[in-house]
Amino acid sequence: METADPTPHARSTDRDTAADGPPRTAPQLSLELLVHGVGGTTAQEMLGDPRVQLITGDDTAACYRRTDDADAEQRPGDYRGEPVREAYCWSNLTSGNGARALWLILVPFMVANLAHWMRPAAPSEHPAQRIYDLLVRILALTLTVLLAAAACEVALDLTAWQCAGTTVCAAGKSWMGFLSPDNSGWWSAPGRRLALASVVPLLVIGFLWGLSRRTWSAYESASPPPRLPGTSRDTPVAERTALSREGFWYGRRLVARLRAAHTTAGVLTVAAVLLAAAAKADGDGGHPVLAVTGRALTALVIVLAAATLIVVWRTARSEGAPDVSSDHLVVRALPFASLAVLALTMVHTGWARPGAHSHGPLPGADAFGGIAVFQGVLVLALAVTAWVLQRSARDDARTALRGMGGPAVALLACAVGGVLSGGVAQRFADWLDGGATPGQAHAPIPGPPVLLSWQASVIPVLLVVVAAVAVLAAIRVVIVRNRVTKDVPGLYDPREQPDAGRTKRIAATIAGAGLTDSAPVLIAATSAVTLVLGAGAVIGAWLTGRAPGRATEGAPPVVHAAAETAESLGSWLMGAGVILLITMGRRAYRDHSARRTIGILWDVGTFWPRAAHPFAPPCYAERAVPDLTWRMATWTERFDGRLVLSGHSQGSVLAAAAVWQLDLVTRSRVALLTYGSPLERLYGRWFPAFFGPPALTGLHREMDDWRNLWRFTDPIGGPIRLTCEGGRRIDQGPLRDPLSFGRTLQNPLPAQILGHGDYQADPVFETVRAELIARLGPDLPGQRPADERAKGRQDQGSSGRSSG
């Protein structure tokens, strides 16, 4: 098995030695490196051979070859005119056992992290860039606080304060008997019940901390290969992207800082809930010493909260070099300091207070409203900042939502977080009070905060709007299908007999694939309605102080019935949404077809590093991109070869990101073949600062060649929309799909509509691939003797350092 050279640019001056690969006079070897897309596939399928051998890597991600090609470097003469085929399989980075379905609970964190990368393509020195990143980081912090508050609502308010303090609710629950005031036990005091219950949200926060730390070590700790610094003189500044910076895919210190800050914020949220309950008891004639102790602990919580905000404020990405340095002692000590304060708070809250009892909702439950308002203010500020950046953006004609994609997605992250937290609280309250309805008359417990009921009541209205947009999208599909139907037969041989049914199926596939381009409309409509309904829910909760059903008791019967129906239906939908999310996640990781469907958005979300939220699901690209970069750099260095990087779907995005990470000499020896690629259609529109037209133009300028294949029937891939130097277009297409319209001598059975898959079945694929391989011949520039190449690297490095 081949072992990668740990120092790809440290080669011997004697090229005739066997240790550095084949001698200079040996036939030149080429490599075709295949990268699969969403949903993954096996190395056997990629290479078309059941006998494959692992070349380098592990069970998580690895490069494979046909067994017959494992020692190709030892006999390059056997591969004249045809490259060695090698498959990079990374599907285990995003799939696994059913337990990973629980990662879908982290969707709000993942979506908030996406908002960080969706900023408009304004110049990097624009002052609003820092403001945008800061607002996203603070918004992400509020989601952690919301999660901790939701855990406190379930464990402290509903369980320890409301249900355990009410005889009717605690009756029949043997596991709660020792907490009931009727038993007069040691744990019957309200403060002690709360102190004990606070262990539950603390365990939730500790689980997220451990998951973030473990997944970083398992998936994101792959360091990039060393390379010569600098940027090509021929690449304009506007065409340089952050994806080419050496430290883009390695930010250990940033994730560690954010992890410490978010852990501290979660622990302090639990402490604040305990202090609020104790302050109410002490304010009602409690012990004066405890009141002073409570104020001192409150001051400590405020100081630590301010320190947490400062850490988040000062935590910005540093992408110029791998961020491998250790963090400050103060930052690392923050979580431990917050745990110490929480321990003191638990002792303070559990201190004996004769006559204390729990009734009504837990003090501080209105904090959900404050969190919602603060998140709304942050989203509006983010929208203003994005508008300022968009005015200075480059080539913004196809940017999704005119640069408002980040604020819209950030708002959806807050909405999903609210639905998940509210859904868990509503379902848990329903389970605790048996057959009654929490918050209604004669119910044993008051139930969750009123705001959660108002938020639940607006969900049906939001779903009606989404359904209306979906209906309009379906109408659009029908209109486009009818318009395209008459053009379909013209794409094929006129001798083939037209078939009306098959024509409509092809046209419907093309129309359905075009819905991807309508995604901005759906997200804009959903975000706008969410903002309006969310504001209405907060105002309604604050003005009435009661759930919608009780707040409309004096209204006309129709209004009252509608409010009660919306509240009940929304409460049910909140809980059902949590269950549905977990069920879909388990199915996605067990069912290959479901993995391909659900995994599209999941793989887009987890492609980006955790720049805003450390508890987001792990970024698989921080392992896959260094893997590909190391493989290309070491192989071209050791064997003096050239390489075709062939990427399908999401694999094309990984391939482009890996090429950006190569030094300029290696990059110029790589040709790129993409097919079914979302590089422009999805990433270029939604992440213009990183994949916009200038960045893609610069990528092609610095590499050997690039071809892209696409189809009208593909709902994910699309054209790159760039023209090469000399007038040759990168895009090859649209490819005909299906390959034959009717039954022919060559295709006696109806050809399948391929859509996003099996691009290799098209003859155009092999033609384009052969053209790229032919460019890897020995007569091309760049394949020079070792001494000339070494001198060229020195010249490139010095010019890059002077221009950088």
# chains A, B, ... in the order shown; residues from 1 in each chain; ligands from 1
$ residues_around --residues "Leu141 (chain A)" --least-positions-apart "4" --cutoff "7 Å" --atoms "only C-alpha atoms" --output "list of chain:residue names"
A:Arg137, A:Val145, A:His262
$ residues_around --residues "region 527-543 of chain A" --least-positions-apart "2" --cutoff "7 Å" --atoms "only C-alpha atoms" --output "number ranges by chain"
A: 369, 408, 411-412, 450-451, 454-455, 458, 462, 523-525, 545-546
$ write_last_selection --atoms "all heavy atoms" --output "mmCIF file, in the first residue's frame"
data_model
loop_
_atom_site.group_PDB
_atom_site.id
_atom_site.type_symbol
_atom_site.label_atom_id
_atom_site.label_comp_id
_atom_site.auth_asym_id
_atom_site.auth_seq_id
_atom_site.Cartn_x
_atom_site.Cartn_y
_atom_site.Cartn_z
ATOM 1 N N GLY A 369 -39.769 35.498 25.959
ATOM 2 C CA GLY A 369 -40.151 36.671 25.174
ATOM 3 C C GLY A 369 -38.984 37.603 24.942
ATOM 4 O O GLY A 369 -38.808 38.143 23.843
ATOM 5 N N ALA A 408 -32.277 36.038 6.103
ATOM 6 C CA ALA A 408 -33.449 35.160 5.991
ATOM 7 C C ALA A 408 -33.184 33.812 6.641
ATOM 8 O O ALA A 408 -34.022 33.274 7.377
ATOM 9 C CB ALA A 408 -33.824 34.982 4.521
ATOM 10 N N LEU A 411 -33.088 34.090 10.447
ATOM 11 C CA LEU A 411 -34.430 34.138 11.017
ATOM 12 C C LEU A 411 -35.046 32.746 11.081
ATOM 13 O O LEU A 411 -35.699 32.387 12.071
ATOM 14 C CB LEU A 411 -35.307 35.078 10.185
ATOM 15 C CG LEU A 411 -36.762 35.220 10.645
ATOM 16 C CD1 LEU A 411 -36.820 35.826 12.040
ATOM 17 C CD2 LEU A 411 -37.552 36.090 9.668
ATOM 18 N N LEU A 412 -34.843 31.953 10.035
ATOM 19 C CA LEU A 412 -35.360 30.590 10.049
ATOM 20 C C LEU A 412 -34.690 29.753 11.135
ATOM 21 O O LEU A 412 -35.333 28.875 11.727
ATOM 22 C CB LEU A 412 -35.151 29.946 8.679
ATOM 23 C CG LEU A 412 -35.975 30.533 7.532
ATOM 24 C CD1 LEU A 412 -35.688 29.796 6.235
ATOM 25 C CD2 LEU A 412 -37.462 30.484 7.848
ATOM 26 N N VAL A 450 -46.677 31.492 28.366
ATOM 27 C CA VAL A 450 -47.744 31.884 27.452
ATOM 28 C C VAL A 450 -47.202 32.117 26.041
ATOM 29 O O VAL A 450 -47.873 31.805 25.051
ATOM 30 C CB VAL A 450 -48.442 33.154 27.986
ATOM 31 C CG1 VAL A 450 -49.454 33.685 26.972
ATOM 32 C CG2 VAL A 450 -49.128 32.848 29.310
ATOM 33 N N LEU A 451 -45.994 32.641 25.943
ATOM 34 C CA LEU A 451 -45.435 32.928 24.622
ATOM 35 C C LEU A 451 -45.356 31.675 23.762
ATOM 36 O O LEU A 451 -45.603 31.729 22.546
ATOM 37 C CB LEU A 451 -44.041 33.547 24.766
ATOM 38 C CG LEU A 451 -43.299 33.821 23.449
ATOM 39 C CD1 LEU A 451 -44.052 34.828 22.599
ATOM 40 C CD2 LEU A 451 -41.875 34.296 23.710
ATOM 41 N N TRP A 454 -48.637 31.087 22.170
ATOM 42 C CA TRP A 454 -48.874 32.013 21.060
ATOM 43 C C TRP A 454 -48.039 31.624 19.836
ATOM 44 O O TRP A 454 -48.513 31.697 18.699
ATOM 45 C CB TRP A 454 -48.541 33.440 21.490
ATOM 46 C CG TRP A 454 -49.665 34.094 22.248
ATOM 47 C CD1 TRP A 454 -49.879 34.062 23.584
ATOM 48 C CD2 TRP A 454 -50.740 34.855 21.680
ATOM 49 N NE1 TRP A 454 -51.000 34.762 23.903
ATOM 50 C CE2 TRP A 454 -51.554 35.272 22.756
ATOM 51 C CE3 TRP A 454 -51.085 35.242 20.396
ATOM 52 C CZ2 TRP A 454 -52.695 36.045 22.571
ATOM 53 C CZ3 TRP A 454 -52.216 36.022 20.218
ATOM 54 C CH2 TRP A 454 -53.017 36.406 21.283
ATOM 55 N N GLN A 455 -46.796 31.225 20.075
ATOM 56 C CA GLN A 455 -45.970 30.776 18.950
ATOM 57 C C GLN A 455 -46.562 29.541 18.291
ATOM 58 O O GLN A 455 -46.528 29.395 17.065
ATOM 59 C CB GLN A 455 -44.545 30.494 19.437
ATOM 60 C CG GLN A 455 -43.762 31.741 19.791
ATOM 61 C CD GLN A 455 -42.377 31.423 20.332
ATOM 62 O OE1 GLN A 455 -42.130 30.325 20.823
ATOM 63 N NE2 GLN A 455 -41.472 32.383 20.250
ATOM 64 N N VAL A 458 -49.513 30.334 15.808
ATOM 65 C CA VAL A 458 -49.249 30.935 14.496
ATOM 66 C C VAL A 458 -48.673 29.920 13.512
ATOM 67 O O VAL A 458 -48.570 30.226 12.319
ATOM 68 C CB VAL A 458 -48.290 32.140 14.624
ATOM 69 C CG1 VAL A 458 -48.848 33.183 15.562
ATOM 70 C CG2 VAL A 458 -46.906 31.698 15.074
ATOM 71 N N LEU A 462 -48.624 29.871 9.305
ATOM 72 C CA LEU A 462 -47.394 29.786 8.534
ATOM 73 C C LEU A 462 -47.448 28.623 7.551
ATOM 74 O O LEU A 462 -47.017 28.748 6.390
ATOM 75 C CB LEU A 462 -46.207 29.622 9.486
ATOM 76 C CG LEU A 462 -44.826 29.442 8.844
ATOM 77 C CD1 LEU A 462 -44.465 30.661 8.015
ATOM 78 C CD2 LEU A 462 -43.769 29.189 9.908
ATOM 79 N N ILE A 523 -38.035 30.683 0.449
ATOM 80 C CA ILE A 523 -37.361 31.108 1.679
ATOM 81 C C ILE A 523 -37.729 32.544 2.024
ATOM 82 O O ILE A 523 -37.954 32.875 3.197
ATOM 83 C CB ILE A 523 -35.843 30.949 1.516
ATOM 84 C CG1 ILE A 523 -35.487 29.464 1.446
ATOM 85 C CG2 ILE A 523 -35.090 31.620 2.656
ATOM 86 C CD1 ILE A 523 -34.021 29.179 1.295
ATOM 87 N N ALA A 524 -37.838 33.413 1.017
ATOM 88 C CA ALA A 524 -38.213 34.802 1.283
ATOM 89 C C ALA A 524 -39.624 34.885 1.851
ATOM 90 O O ALA A 524 -39.871 35.613 2.831
ATOM 91 C CB ALA A 524 -38.106 35.614 -0.001
ATOM 92 N N ALA A 525 -40.564 34.150 1.253
ATOM 93 C CA ALA A 525 -41.937 34.175 1.739
ATOM 94 C C ALA A 525 -42.031 33.614 3.157
ATOM 95 O O ALA A 525 -42.687 34.199 4.037
ATOM 96 C CB ALA A 525 -42.834 33.384 0.791
ATOM 97 N N GLY A 545 -51.151 38.336 28.399
ATOM 98 C CA GLY A 545 -50.667 37.542 29.512
ATOM 99 C C GLY A 545 -51.332 36.188 29.617
ATOM 100 O O GLY A 545 -51.157 35.475 30.612
ATOM 101 N N ARG A 546 -52.111 35.815 28.627
ATOM 102 C CA ARG A 546 -52.812 34.535 28.628
ATOM 103 C C ARG A 546 -52.654 33.861 27.282
ATOM 104 O O ARG A 546 -52.326 34.497 26.283
ATOM 105 C CB ARG A 546 -54.307 34.730 28.939
ATOM 106 C CG ARG A 546 -54.576 35.295 30.335
ATOM 107 C CD ARG A 546 -56.065 35.380 30.589
ATOM 108 N NE ARG A 546 -56.718 36.333 29.687
ATOM 109 C CZ ARG A 546 -58.034 36.506 29.615
ATOM 110 N NH1 ARG A 546 -58.836 35.762 30.380
ATOM 111 N NH2 ARG A 546 -58.535 37.384 28.776
#
$ residues_around --residues "Phe615 (chain A)" --least-positions-apart "5" --cutoff "12 Å" --atoms "only C-alpha atoms" --output "PyMOL selection string"
chain A and resi 103-113+140-141+143-144+147+204-216+255-263+266+606+609-610
$ write_last_selection --atoms "N, CA and C atoms" --output "tab-separated table (two decimals), in the first residue's frame"
chain	number	residue	atom	x	y	z
A	103	TRP	N	-28.41	14.13	15.59
A	103	TRP	CA	-27.73	15.35	15.18
A	103	TRP	C	-28.72	16.33	14.55
A	104	LEU	N	-29.85	15.83	14.06
A	104	LEU	CA	-30.82	16.73	13.44
A	104	LEU	C	-31.41	17.70	14.45
A	105	ILE	N	-31.31	17.38	15.75
A	105	ILE	CA	-31.77	18.32	16.76
A	105	ILE	C	-30.88	19.57	16.72
A	106	LEU	N	-29.68	19.44	16.15
A	106	LEU	CA	-28.76	20.57	16.07
A	106	LEU	C	-29.00	21.41	14.81
A	107	VAL	N	-30.12	21.18	14.13
A	107	VAL	CA	-30.40	21.92	12.90
A	107	VAL	C	-30.38	23.43	13.09
A	108	PRO	N	-30.99	23.99	14.17
A	108	PRO	CA	-30.93	25.45	14.33
A	108	PRO	C	-29.49	25.98	14.37
A	109	PHE	N	-28.60	25.24	15.03
A	109	PHE	CA	-27.21	25.67	15.09
A	109	PHE	C	-26.56	25.61	13.71
A	110	MET	N	-26.87	24.56	12.95
A	110	MET	CA	-26.30	24.42	11.61
A	110	MET	C	-26.79	25.55	10.70
A	111	VAL	N	-28.08	25.88	10.78
A	111	VAL	CA	-28.63	26.92	9.91
A	111	VAL	C	-28.04	28.28	10.29
A	112	ALA	N	-27.87	28.54	11.58
A	112	ALA	CA	-27.23	29.79	11.99
A	112	ALA	C	-25.80	29.87	11.48
A	113	ASN	N	-25.11	28.75	11.48
A	113	ASN	CA	-23.74	28.73	10.96
A	113	ASN	C	-23.73	29.02	9.47
A	140	ALA	N	-26.06	33.29	17.15
A	140	ALA	CA	-25.83	31.88	17.45
A	140	ALA	C	-25.76	31.65	18.96
A	141	LEU	N	-25.20	32.61	19.69
A	141	LEU	CA	-25.13	32.48	21.15
A	141	LEU	C	-26.53	32.47	21.76
A	143	LEU	N	-29.14	31.23	20.49
A	143	LEU	CA	-29.73	29.90	20.27
A	143	LEU	C	-29.29	28.92	21.35
A	144	THR	N	-28.05	29.03	21.79
A	144	THR	CA	-27.60	28.19	22.90
A	144	THR	C	-28.35	28.55	24.18
A	147	LEU	N	-31.77	27.06	23.95
A	147	LEU	CA	-31.77	25.63	24.23
A	147	LEU	C	-31.68	25.36	25.73
A	204	VAL	N	-27.45	18.21	29.51
A	204	VAL	CA	-27.66	18.53	28.10
A	204	VAL	C	-26.52	19.38	27.57
A	205	ILE	N	-26.15	20.39	28.34
A	205	ILE	CA	-25.05	21.27	27.92
A	205	ILE	C	-23.73	20.50	27.88
A	206	GLY	N	-23.52	19.64	28.89
A	206	GLY	CA	-22.30	18.84	28.89
A	206	GLY	C	-22.25	17.88	27.72
A	207	PHE	N	-23.40	17.32	27.33
A	207	PHE	CA	-23.43	16.43	26.17
A	207	PHE	C	-23.04	17.18	24.91
A	208	LEU	N	-23.57	18.38	24.72
A	208	LEU	CA	-23.22	19.18	23.54
A	208	LEU	C	-21.75	19.56	23.55
A	209	TRP	N	-21.24	19.91	24.70
A	209	TRP	CA	-19.80	20.23	24.81
A	209	TRP	C	-18.96	19.01	24.41
A	210	GLY	N	-19.28	17.85	24.97
A	210	GLY	CA	-18.52	16.65	24.65
A	210	GLY	C	-18.65	16.24	23.19
A	211	LEU	N	-19.86	16.38	22.63
A	211	LEU	CA	-20.07	16.03	21.23
A	211	LEU	C	-19.26	16.95	20.32
A	212	SER	N	-19.25	18.23	20.63
A	212	SER	CA	-18.48	19.17	19.82
A	212	SER	C	-16.99	18.87	19.90
A	213	ARG	N	-16.51	18.56	21.07
A	213	ARG	CA	-15.08	18.26	21.24
A	213	ARG	C	-14.71	16.95	20.54
A	214	ARG	N	-15.56	15.94	20.68
A	214	ARG	CA	-15.24	14.64	20.08
A	214	ARG	C	-15.32	14.69	18.56
A	215	THR	N	-16.34	15.34	18.03
A	215	THR	CA	-16.47	15.40	16.58
A	215	THR	C	-15.37	16.23	15.95
A	216	TRP	N	-14.88	17.24	16.67
A	216	TRP	CA	-13.75	17.99	16.12
A	216	TRP	C	-12.54	17.08	15.96
A	255	VAL	N	-12.94	27.28	17.14
A	255	VAL	CA	-13.99	26.40	17.62
A	255	VAL	C	-13.87	26.20	19.12
A	256	ALA	N	-12.64	26.09	19.63
A	256	ALA	CA	-12.43	25.91	21.07
A	256	ALA	C	-12.91	27.14	21.85
A	257	ARG	N	-12.63	28.34	21.33
A	257	ARG	CA	-13.08	29.57	22.00
A	257	ARG	C	-14.60	29.65	22.02
A	258	LEU	N	-15.22	29.38	20.88
A	258	LEU	CA	-16.68	29.43	20.83
A	258	LEU	C	-17.29	28.35	21.71
A	259	ARG	N	-16.66	27.17	21.75
A	259	ARG	CA	-17.18	26.11	22.59
A	259	ARG	C	-17.15	26.52	24.06
A	260	ALA	N	-16.06	27.15	24.47
A	260	ALA	CA	-15.97	27.62	25.86
A	260	ALA	C	-17.03	28.68	26.14
A	261	ALA	N	-17.23	29.61	25.20
A	261	ALA	CA	-18.19	30.69	25.41
A	261	ALA	C	-19.62	30.15	25.47
A	262	HIS	N	-19.97	29.26	24.55
A	262	HIS	CA	-21.35	28.74	24.52
A	262	HIS	C	-21.62	27.82	25.71
A	263	THR	N	-20.63	27.06	26.13
A	263	THR	CA	-20.82	26.24	27.32
A	263	THR	C	-21.05	27.12	28.54
A	266	GLY	N	-24.58	28.54	28.45
A	266	GLY	CA	-25.60	27.57	28.85
A	266	GLY	C	-25.64	27.35	30.35
A	606	THR	N	-23.49	21.08	6.32
A	606	THR	CA	-22.31	20.62	7.06
A	606	THR	C	-21.03	20.71	6.22
A	609	PRO	N	-17.20	25.13	7.71
A	609	PRO	CA	-16.65	25.03	9.07
A	609	PRO	C	-17.56	25.70	10.09
A	610	ARG	N	-17.38	25.31	11.33
A	610	ARG	CA	-18.19	25.86	12.42
A	610	ARG	C	-17.62	27.22	12.83
$ closest_residue --among "A:Ile459, A:Leu696, A:Val377, A:Val478" --to "Ala415 (chain A)" --atoms "only C-alpha atoms"
A:Ile459
$ residues_around --residues "Val604 (chain A)" --least-positions-apart "2" --cutoff "10 Å" --atoms "only C-alpha atoms" --output "number ranges by chain"
A: 38, 114, 599-602, 606-608, 619, 650, 653, 678, 682-683
$ select_by_dssp --residues "region 242-363 of chain A" --states "alpha helix (DSSP H)" --output "VMD selection string"
chain A and resid 252 to 283 288 to 314 329 to 350
$ closest_residue --among "A:Met404, A:Pro76, A:Ala561, A:Thr269" --to "Ser338 (chain A)" --atoms "only C-alpha atoms"
A:Thr269
$ atom_distance --atom1 "CA of Ala519 (chain A)" --atom2 "CA of Arg476 (chain A)"
12.9 Å
$ residues_around --residues "Lys173 (chain A)" --least-positions-apart "6" --cutoff "12 Å" --atoms "only C-alpha atoms" --output "MDAnalysis selection string"
chainID A and resid 159 163:164 166:167 179:180 431:434
$ write_last_selection --atoms "N, CA, C and O atoms" --output "mmCIF file, in the first residue's frame"
data_model
loop_
_atom_site.group_PDB
_atom_site.id
_atom_site.type_symbol
_atom_site.label_atom_id
_atom_site.label_comp_id
_atom_site.auth_asym_id
_atom_site.auth_seq_id
_atom_site.Cartn_x
_atom_site.Cartn_y
_atom_site.Cartn_z
ATOM 1 N N THR A 159 -41.437 20.290 35.695
ATOM 2 C CA THR A 159 -41.305 19.098 36.529
ATOM 3 C C THR A 159 -41.122 19.436 38.004
ATOM 4 O O THR A 159 -41.953 19.072 38.854
ATOM 5 N N CYS A 163 -45.250 20.582 38.621
ATOM 6 C CA CYS A 163 -45.862 19.273 38.837
ATOM 7 C C CYS A 163 -45.504 18.689 40.210
ATOM 8 O O CYS A 163 -46.377 18.210 40.938
ATOM 9 N N ALA A 164 -44.199 18.721 40.564
ATOM 10 C CA ALA A 164 -43.798 18.156 41.852
ATOM 11 C C ALA A 164 -44.380 18.941 43.022
ATOM 12 O O ALA A 164 -44.545 18.390 44.123
ATOM 13 N N THR A 166 -47.435 20.177 43.056
ATOM 14 C CA THR A 166 -48.887 20.063 43.018
ATOM 15 C C THR A 166 -49.273 18.619 43.282
ATOM 16 O O THR A 166 -48.845 17.716 42.557
ATOM 17 N N THR A 167 -50.096 18.408 44.292
ATOM 18 C CA THR A 167 -50.450 17.046 44.685
ATOM 19 C C THR A 167 -51.161 16.303 43.560
ATOM 20 O O THR A 167 -50.885 15.126 43.297
ATOM 21 N N LEU A 179 -40.278 13.929 45.748
ATOM 22 C CA LEU A 179 -40.246 15.382 45.599
ATOM 23 C C LEU A 179 -41.526 16.046 46.095
ATOM 24 O O LEU A 179 -41.565 17.275 46.263
ATOM 25 N N SER A 180 -42.590 15.280 46.279
ATOM 26 C CA SER A 180 -43.890 15.844 46.620
ATOM 27 C C SER A 180 -43.879 16.476 48.010
ATOM 28 O O SER A 180 -43.319 15.905 48.962
ATOM 29 N N TRP A 431 -47.937 15.504 28.721
ATOM 30 C CA TRP A 431 -47.714 14.201 29.335
ATOM 31 C C TRP A 431 -47.809 14.270 30.857
ATOM 32 O O TRP A 431 -48.336 13.369 31.504
ATOM 33 N N LEU A 432 -47.337 15.372 31.458
ATOM 34 C CA LEU A 432 -47.354 15.501 32.905
ATOM 35 C C LEU A 432 -48.759 15.636 33.467
ATOM 36 O O LEU A 432 -49.089 15.043 34.508
ATOM 37 N N ASP A 433 -49.614 16.401 32.797
ATOM 38 C CA ASP A 433 -50.931 16.686 33.375
ATOM 39 C C ASP A 433 -51.998 15.691 32.949
ATOM 40 O O ASP A 433 -53.192 15.909 33.163
ATOM 41 N N GLY A 434 -51.592 14.586 32.325
ATOM 42 C CA GLY A 434 -52.545 13.547 31.974
ATOM 43 C C GLY A 434 -53.517 13.987 30.901
ATOM 44 O O GLY A 434 -53.121 14.467 29.832
#
$ closest_residue --among "A:Thr315, A:Ser244, A:Thr744, A:Gln426" --to "Gly575 (chain A)" --atoms "only C-alpha atoms"
A:Gln426
$ residues_around --residues "Val480 (chain A)" --least-positions-apart "3" --cutoff "9 Å" --atoms "only C-alpha atoms" --output "MDAnalysis selection string"
chainID A and resid 475:477 483:485 507:508 510:512 514
$ closest_residue --among "A:Arg685, A:Arg119, A:His36, A:Arg51" --to "Leu382 (chain A)" --atoms "only C-alpha atoms"
A:Arg119
$ closest_residue --among "A:Ala612, A:Ile753, A:Cys63, A:Val559" --to "Leu254 (chain A)" --atoms "only C-alpha atoms"
A:Ala612
